[in-house]
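The file input-v1.cif comes next; it holds mmCIF, C-alpha atoms.
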```
data_my_file
#
loop_
_atom_site.group_PDB
_atom_site.id
_atom_site.type_symbol
_atom_site.label_atom_id
_atom_site.label_comp_id
_atom_site.auth_asym_id
_atom_site.auth_seq_id
_atom_site.Cartn_x
_atom_site.Cartn_y
_atom_site.Cartn_z
ATOM 1 C CA MET A 1 0.000 0.000 0.000
ATOM 2 C CA ILE A 2 2.740 2.459 0.939
ATOM 3 C CA ALA A 3 4.683 1.576 -2.201
ATOM 4 C CA ALA A 4 1.613 2.237 -4.358
ATOM 5 C CA GLN A 5 1.010 5.606 -2.704
ATOM 6 C CA ALA A 6 4.666 6.563 -3.131
ATOM 7 C CA GLY A 7 4.453 5.540 -6.792
ATOM 8 C CA VAL A 8 1.413 7.760 -7.359
ATOM 9 C CA LEU A 9 3.190 10.667 -5.655
ATOM 10 C CA PHE A 10 6.285 10.162 -7.795
ATOM 11 C CA LEU A 11 4.138 10.009 -10.947
ATOM 12 C CA GLY A 12 2.429 13.271 -9.968
ATOM 13 C CA VAL A 13 5.771 15.034 -9.468
ATOM 14 C CA LEU A 14 6.989 13.652 -12.803
ATOM 15 C CA ILE A 15 3.908 15.004 -14.599
ATOM 16 C CA TRP A 16 4.413 18.350 -12.850
ATOM 17 C CA TRP A 17 8.022 18.494 -14.052
ATOM 18 C CA ALA A 18 6.994 17.548 -17.620
ATOM 19 C CA VAL A 19 4.321 20.284 -17.708
ATOM 20 C CA SER A 20 6.766 22.886 -16.364
ATOM 21 C CA THR A 21 9.138 22.200 -19.262
ATOM 22 C CA GLN A 22 6.408 22.823 -21.840
ATOM 23 C CA VAL A 23 5.115 26.188 -20.615
ATOM 24 C CA PRO A 24 6.775 29.626 -20.590
ATOM 25 C CA ALA A 25 9.418 30.239 -17.946
ATOM 26 C CA ASP A 26 7.100 32.542 -15.972
ATOM 27 C CA GLY A 27 4.251 30.008 -16.052
ATOM 28 C CA VAL A 28 4.453 26.820 -13.990
ATOM 29 C CA PRO A 29 7.673 26.560 -11.957
ATOM 30 C CA SER A 30 9.424 23.207 -11.844
ATOM 31 C CA PRO A 31 9.476 21.085 -8.678
ATOM 32 C CA VAL A 32 13.114 22.112 -8.181
ATOM 33 C CA GLU A 33 12.270 25.831 -8.337
ATOM 34 C CA THR A 34 9.321 25.342 -5.996
ATOM 35 C CA SER A 35 11.470 23.407 -3.529
ATOM 36 C CA GLY A 36 14.051 26.179 -3.578
ATOM 37 C CA ALA A 37 11.374 28.788 -2.909
ATOM 38 C CA LEU A 38 10.000 26.666 -0.056
ATOM 39 C CA VAL A 39 13.436 26.340 1.551
ATOM 40 C CA ALA A 40 13.920 30.102 1.297
ATOM 41 C CA LEU A 41 10.480 30.749 2.808
ATOM 42 C CA ALA A 42 11.129 28.334 5.675
ATOM 43 C CA ALA A 43 13.943 30.603 6.848
ATOM 44 C CA THR A 44 11.604 33.586 7.264
ATOM 45 C CA GLY A 45 9.312 34.533 10.116
ATOM 46 C CA PRO A 46 6.276 35.570 8.012
ATOM 47 C CA PHE A 47 6.102 32.076 6.531
ATOM 48 C CA TRP A 48 5.777 30.373 9.907
ATOM 49 C CA LEU A 49 3.367 33.053 11.079
ATOM 50 C CA ALA A 50 1.126 32.338 8.090
ATOM 51 C CA VAL A 51 1.289 28.599 8.758
ATOM 52 C CA TRP A 52 0.470 29.147 12.424
ATOM 53 C CA GLU A 53 -2.512 31.368 11.597
ATOM 54 C CA THR A 54 -3.952 28.631 9.381
ATOM 55 C CA VAL A 55 -3.247 25.819 11.859
ATOM 56 C CA GLN A 56 -4.645 27.835 14.770
ATOM 57 C CA THR A 57 -7.877 28.685 12.966
ATOM 58 C CA PHE A 58 -8.245 25.080 11.829
ATOM 59 C CA LEU A 59 -7.727 23.643 15.328
ATOM 60 C CA ILE A 60 -10.130 26.091 16.983
ATOM 61 C CA GLY A 61 -12.715 25.480 14.274
ATOM 62 C CA ILE A 62 -12.654 21.680 14.484
ATOM 63 C CA LEU A 63 -12.646 21.845 18.287
ATOM 64 C CA ILE A 64 -15.804 23.997 18.271
ATOM 65 C CA CYS A 65 -17.432 21.624 15.772
ATOM 66 C CA ILE A 66 -16.658 18.633 18.003
ATOM 67 C CA ILE A 67 -17.751 20.269 21.266
ATOM 68 C CA VAL A 68 -21.026 21.508 19.758
ATOM 69 C CA GLY A 69 -21.776 19.003 17.012
ATOM 70 C CA VAL A 70 -21.270 15.668 18.759
ATOM 71 C CA PRO A 71 -23.424 16.296 21.884
ATOM 72 C CA VAL A 72 -26.152 18.015 19.857
ATOM 73 C CA GLY A 73 -26.248 15.196 17.305
ATOM 74 C CA LEU A 74 -26.300 12.450 19.936
ATOM 75 C CA ALA A 75 -28.999 14.220 21.935
ATOM 76 C CA ILE A 76 -31.194 14.623 18.848
ATOM 77 C CA GLY A 77 -30.559 11.057 17.725
ATOM 78 C CA ARG A 78 -31.706 9.620 21.060
ATOM 79 C CA SER A 79 -35.166 11.105 20.515
ATOM 80 C CA ARG A 80 -37.290 9.975 17.592
ATOM 81 C CA LEU A 81 -39.377 13.160 17.800
ATOM 82 C CA ALA A 82 -36.283 15.394 17.759
ATOM 83 C CA THR A 83 -34.802 13.454 14.843
ATOM 84 C CA GLN A 84 -37.915 13.744 12.709
ATOM 85 C CA SER A 85 -38.570 17.392 13.570
ATOM 86 C CA THR A 86 -35.027 18.541 12.742
ATOM 87 C CA ARG A 87 -34.445 16.437 9.630
ATOM 88 C CA LEU A 88 -35.871 18.978 7.183
ATOM 89 C CA SER A 89 -33.928 21.847 8.750
ATOM 90 C CA PHE A 90 -30.653 19.915 8.699
ATOM 91 C CA ASP A 91 -31.180 18.763 5.113
ATOM 92 C CA PHE A 92 -31.740 22.392 4.075
ATOM 93 C CA LEU A 93 -28.891 23.959 6.056
ATOM 94 C CA ARG A 94 -26.236 21.441 5.072
ATOM 95 C CA THR A 95 -26.869 22.052 1.357
ATOM 96 C CA ILE A 96 -25.942 25.749 1.651
ATOM 97 C CA PRO A 97 -22.396 26.147 0.241
ATOM 98 C CA PRO A 98 -20.126 27.634 2.918
ATOM 99 C CA ILE A 99 -18.683 30.001 0.310
ATOM 100 C CA ALA A 100 -22.152 31.502 -0.103
ATOM 101 C CA ILE A 101 -21.987 32.965 3.401
ATOM 102 C CA LEU A 102 -18.509 34.437 2.835
ATOM 103 C CA PRO A 103 -19.786 37.913 1.774
ATOM 104 C CA LEU A 104 -21.961 38.094 4.902
ATOM 105 C CA VAL A 105 -19.256 37.088 7.398
ATOM 106 C CA LEU A 106 -16.744 39.272 5.558
ATOM 107 C CA LEU A 107 -19.116 42.225 5.966
ATOM 108 C CA LEU A 108 -19.590 41.472 9.673
ATOM 109 C CA TYR A 109 -16.023 40.655 10.721
ATOM 110 C CA GLY A 110 -13.777 41.897 7.904
ATOM 111 C CA PRO A 111 -10.685 39.995 6.671
ATOM 112 C CA THR A 112 -9.893 38.518 10.090
ATOM 113 C CA PRO A 113 -9.377 35.029 11.542
ATOM 114 C CA THR A 114 -12.782 35.401 13.219
ATOM 115 C CA MET A 115 -14.389 35.672 9.790
ATOM 116 C CA VAL A 116 -12.687 32.455 8.660
ATOM 117 C CA LEU A 117 -13.584 30.712 11.920
ATOM 118 C CA VAL A 118 -17.291 31.515 11.589
ATOM 119 C CA MET A 119 -17.344 30.243 8.006
ATOM 120 C CA VAL A 120 -15.433 27.091 8.983
ATOM 121 C CA VAL A 121 -17.791 26.223 11.842
ATOM 122 C CA LEU A 122 -20.938 26.879 9.812
ATOM 123 C CA GLY A 123 -19.627 24.704 6.991
ATOM 124 C CA ALA A 124 -17.864 21.844 8.764
ATOM 125 C CA ILE A 125 -20.235 21.147 11.640
ATOM 126 C CA TRP A 126 -22.963 19.455 9.599
ATOM 127 C CA PRO A 127 -21.218 16.140 8.808
ATOM 128 C CA ILE A 128 -20.390 15.805 12.503
ATOM 129 C CA VAL A 129 -23.938 16.580 13.671
ATOM 130 C CA ILE A 130 -25.611 14.321 11.105
ATOM 131 C CA GLN A 131 -23.281 11.363 11.698
ATOM 132 C CA SER A 132 -23.817 11.767 15.436
ATOM 133 C CA VAL A 133 -27.587 11.633 14.870
ATOM 134 C CA TYR A 134 -27.160 8.454 12.819
ATOM 135 C CA ALA A 135 -24.876 7.029 15.513
ATOM 136 C CA ALA A 136 -27.479 7.518 18.240
ATOM 137 C CA ASN A 137 -30.185 6.047 15.988
ATOM 138 C CA GLN A 138 -28.114 2.889 15.417
ATOM 139 C CA THR A 139 -27.812 1.916 19.084
ATOM 140 C CA GLU A 140 -29.384 -1.446 19.856
ATOM 141 C CA PRO A 141 -32.350 -1.177 22.279
ATOM 142 C CA GLN A 142 -31.788 -4.827 23.271
ATOM 143 C CA LEU A 143 -28.455 -3.853 24.798
ATOM 144 C CA ASP A 144 -30.159 -1.218 26.958
ATOM 145 C CA ASP A 145 -32.746 -3.772 28.036
ATOM 146 C CA MET A 146 -29.994 -6.241 28.914
ATOM 147 C CA ALA A 147 -28.081 -3.584 30.876
ATOM 148 C CA ARG A 148 -31.180 -2.755 32.891
ATOM 149 C CA ALA A 149 -31.879 -6.449 33.482
ATOM 150 C CA PHE A 150 -28.373 -6.915 34.885
ATOM 151 C CA GLN A 151 -28.714 -3.650 36.849
ATOM 152 C CA ILE A 152 -25.678 -2.075 35.208
ATOM 153 C CA SER A 153 -25.133 1.484 36.416
ATOM 154 C CA GLY A 154 -25.825 4.434 34.132
ATOM 155 C CA TRP A 155 -22.191 5.546 33.858
ATOM 156 C CA ARG A 156 -20.964 2.019 33.093
ATOM 157 C CA ARG A 157 -23.751 1.621 30.560
ATOM 158 C CA ILE A 158 -22.549 4.785 28.800
ATOM 159 C CA THR A 159 -18.863 3.778 28.751
ATOM 160 C CA THR A 160 -19.306 0.107 27.828
ATOM 161 C CA ILE A 161 -22.387 0.132 25.589
ATOM 162 C CA PHE A 162 -23.331 3.570 24.308
ATOM 163 C CA ILE A 163 -19.886 5.056 23.503
ATOM 164 C CA PRO A 164 -18.472 1.956 21.720
ATOM 165 C CA GLY A 165 -21.710 1.723 19.740
ATOM 166 C CA VAL A 166 -21.689 5.315 18.466
ATOM 167 C CA LEU A 167 -17.928 5.810 18.149
ATOM 168 C CA PRO A 168 -17.473 4.388 14.590
ATOM 169 C CA PHE A 169 -20.209 6.650 13.198
ATOM 170 C CA VAL A 170 -19.020 9.718 15.099
ATOM 171 C CA LEU A 171 -15.412 9.251 13.969
ATOM 172 C CA THR A 172 -16.563 8.956 10.347
ATOM 173 C CA GLY A 173 -18.283 12.321 10.695
ATOM 174 C CA LEU A 174 -15.202 13.786 12.363
ATOM 175 C CA ARG A 175 -12.989 12.595 9.536
ATOM 176 C CA VAL A 176 -15.188 14.258 6.925
ATOM 177 C CA GLY A 177 -15.607 17.374 9.054
ATOM 178 C CA THR A 178 -11.867 17.664 9.652
ATOM 179 C CA THR A 179 -11.131 17.633 5.925
ATOM 180 C CA ILE A 180 -13.848 20.209 5.223
ATOM 181 C CA CYS A 181 -12.578 22.344 8.095
ATOM 182 C CA LEU A 182 -9.067 22.557 6.653
ATOM 183 C CA LEU A 183 -10.342 23.246 3.144
ATOM 184 C CA LEU A 184 -12.614 26.029 4.364
ATOM 185 C CA THR A 185 -9.851 27.543 6.478
ATOM 186 C CA ILE A 186 -7.542 27.934 3.502
ATOM 187 C CA THR A 187 -10.394 28.938 1.174
ATOM 188 C CA GLY A 188 -11.580 31.619 3.590
ATOM 189 C CA GLU A 189 -8.070 33.037 3.803
ATOM 190 C CA LEU A 190 -7.715 32.816 0.028
ATOM 191 C CA LEU A 191 -10.969 34.591 -0.845
ATOM 192 C CA GLY A 192 -11.474 36.692 2.266
ATOM 193 C CA GLY A 193 -7.943 38.009 2.720
ATOM 194 C CA ALA A 194 -7.519 36.848 6.316
ATOM 195 C CA PRO A 195 -3.922 36.163 7.384
ATOM 196 C CA GLY A 196 -2.701 32.641 6.700
ATOM 197 C CA ILE A 197 -1.556 30.338 3.921
ATOM 198 C CA GLY A 198 -4.467 31.286 1.662
ATOM 199 C CA SER A 199 -3.738 35.018 1.712
ATOM 200 C CA SER A 200 -0.030 34.275 1.239
ATOM 201 C CA ILE A 201 -0.878 32.412 -1.966
ATOM 202 C CA ILE A 202 -2.753 35.453 -3.266
ATOM 203 C CA THR A 203 0.062 37.814 -2.236
ATOM 204 C CA ALA A 204 2.647 35.714 -4.068
ATOM 205 C CA GLN A 205 0.409 35.543 -7.141
ATOM 206 C CA GLU A 206 -0.097 39.294 -7.215
ATOM 207 C CA SER A 207 3.679 39.756 -6.906
ATOM 208 C CA LEU A 208 4.131 37.439 -9.932
ATOM 209 C CA ASN A 209 6.278 35.188 -7.744
ATOM 210 C CA ASN A 210 5.053 31.852 -9.080
ATOM 211 C CA PRO A 211 7.652 29.635 -7.311
ATOM 212 C CA GLN A 212 6.643 31.145 -3.967
ATOM 213 C CA MET A 213 2.956 30.769 -4.788
ATOM 214 C CA TYR A 214 3.422 27.090 -5.634
ATOM 215 C CA ALA A 215 5.488 26.657 -2.471
ATOM 216 C CA TYR A 216 2.545 27.816 -0.367
ATOM 217 C CA VAL A 217 0.239 25.500 -2.333
ATOM 218 C CA VAL A 218 2.578 22.595 -1.546
ATOM 219 C CA VAL A 219 2.508 23.561 2.137
ATOM 220 C CA ALA A 220 -1.304 23.538 2.074
ATOM 221 C CA ALA A 221 -1.230 20.073 0.476
ATOM 222 C CA LEU A 222 1.233 18.839 3.102
ATOM 223 C CA LEU A 223 -1.038 20.114 5.873
ATOM 224 C CA GLY A 224 -3.929 18.183 4.354
ATOM 225 C CA LEU A 225 -1.790 15.050 4.154
ATOM 226 C CA ILE A 226 -0.669 15.397 7.777
ATOM 227 C CA VAL A 227 -4.239 15.919 8.988
ATOM 228 C CA ASN A 228 -5.619 12.930 7.077
ATOM 229 C CA VAL A 229 -2.801 10.544 7.984
ATOM 230 C CA GLY A 230 -2.871 11.660 11.613
ATOM 231 C CA PHE A 231 -6.630 11.238 11.900
ATOM 232 C CA TRP A 232 -6.529 7.836 10.201
ATOM 233 C CA ALA A 233 -3.830 6.665 12.615
ATOM 234 C CA ALA A 234 -5.809 7.958 15.607
ATOM 235 C CA GLN A 235 -9.000 6.349 14.318
ATOM 236 C CA ARG A 236 -7.222 3.032 13.839
ATOM 237 C CA ARG A 237 -5.873 3.196 17.384
ATOM 238 C CA VAL A 238 -9.206 4.119 18.960
ATOM 239 C CA LEU A 239 -11.168 1.525 16.937
ATOM 240 C CA HIS A 240 -8.595 -1.272 17.156
ATOM 241 C CA TRP A 241 -11.418 -3.581 18.310
ATOM 242 C CA HIS A 242 -13.649 -2.814 15.317
ATOM 243 C CA PRO A 243 -13.921 -5.593 12.656
ATOM 244 C CA SER A 244 -12.782 -3.312 9.827
ATOM 245 C CA PHE A 245 -9.494 -2.479 11.566
ATOM 246 C CA ARG A 246 -8.975 -6.011 12.880
ATOM 247 C CA GLY A 247 -9.308 -7.168 9.281
ATOM 248 C CA GLU A 248 -6.555 -4.772 8.202
ATOM 249 C CA GLY A 249 -4.165 -6.316 10.672
ATOM 250 C CA GLN A 250 -4.855 -9.822 9.331
ATOM 251 C CA LYS A 251 -4.136 -8.949 5.694
#
```
Any chance you could put this one into structure tokens?
Amino acid sequence: MIAAQAGVLFLGVLIWWAVSTQVPADGVPSPVETSGALVALAATGPFWLAVWETVQTFLIGILICIIVGVPVGLAIGRSRLATQSTRLSFDFLRTIPPIAILPLVLLLYGPTPTMVLVMVVLGAIWPIVIQSVYAANQTEPQLDDMARAFQISGWRRITTIFIPGVLPFVLTGLRVGTTICLLLTITGELLGGAPGIGSSIITAQESLNNPQMYAYVVVAALLGLIVNVGFWAAQRRVLHWHPSFRGEGQK
């Protein structure tokens, strides 16, 4: 698996190099030029400040989505009436593109991290809420009946029955929400002008510094890779008992 992924990455870099040789010199920089620009940027303070702004906004955004989305979704999912009464509202709200609210939050907060954070939360919270609702709906009532029959305490029932039952669904929502959160963070900076990697891409483009612009794009891609690999590793560790992950270990 790792060899296949490395092969795809190498093929992508090779295609990038081939395209850079066929366009004008001020068009697409080669991987070597981009790497040089990235090394030069890494020695500057503004580069790390931009990276930190993006990472900070992303972490705060996903933390808010988790703290709000998971309890709300589980609470709604435990009630059939709440699930049915909120379904139409959720189906409508989650279809609104987060970019559509960018002019409104930009008008309210200006090109600031707060503007990006509001857009990130409003866009990334829905997969987490909806998967949490599904998770609570999927709990087996027979297990609750058995726990009551054996007089298992409420706290132990939560930790040994409810949480393991909803965790796979909740983590699936978190994985989707985490990816959306990072994408919206960079997009908000890119289109809204808030400080971070996105605004640095625009600044480099306006300065006609294509190697630097591509360097920031590579950094954004690396952040996405780190987030996805890190979350997958954490999910595999938390759900080591789940059949899907036990099956991976047997292959």
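With all atoms listed in the file as the basis for measurement, A:Met119 is the residue among A:Val68, A:Ile101, A:Leu11, A:Met119 that approaches A:Leu183 most closely.
Nearest to A:Leu49 of all the residues A:Ile226, A:Val238, A:Gly196, A:Val217 is A:Gly196, based on all atoms listed in the file.
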Tell me which residues come within 8 Å of (7.4, 28.2, -9.4), as number ranges by chain, counting all atoms listed in the file in the file's coordinates. A: 26-31, 33-34, 37, 209-215
On this structure, which residues satisfy the PyMOL selection byres ((chain A and resi 62) around 8), written as a VMD selection string? chain A and resid 58 to 61 63 to 66 121 124 177 to 178 181
Pick the closest to A:Val133 from A:Phe169, A:Trp52, A:Phe47, A:Trp17: which is it, counting only C-alpha atoms? A:Phe169
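Interatomic distance, atom CA of A:Val120 against atom CA of A:Pro97: 11.2 Å.
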Please expand the PyMOL selection byres ((chain A and resi 131) around 10) into the concrete residues it hits in this file, giving the result as a PyMOL selection string. chain A and resi 69-70+73-74+77+126-130+132-137+166+168-174+176
Length of the atom CA of A:Ile202 to atom CA of A:Trp48 vector [Å]: 16.5 Å
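Residue nearest A:Leu117, chosen from A:Val8, A:Leu184, A:Val229, A:Ile99 and counting all atoms listed in the file: A:Leu184.
Distances to A:Val218 were evaluated for A:Leu38, A:Ala204, A:Met115, A:Ile76 using all atoms listed in the file, and the minimum falls at A:Leu38.
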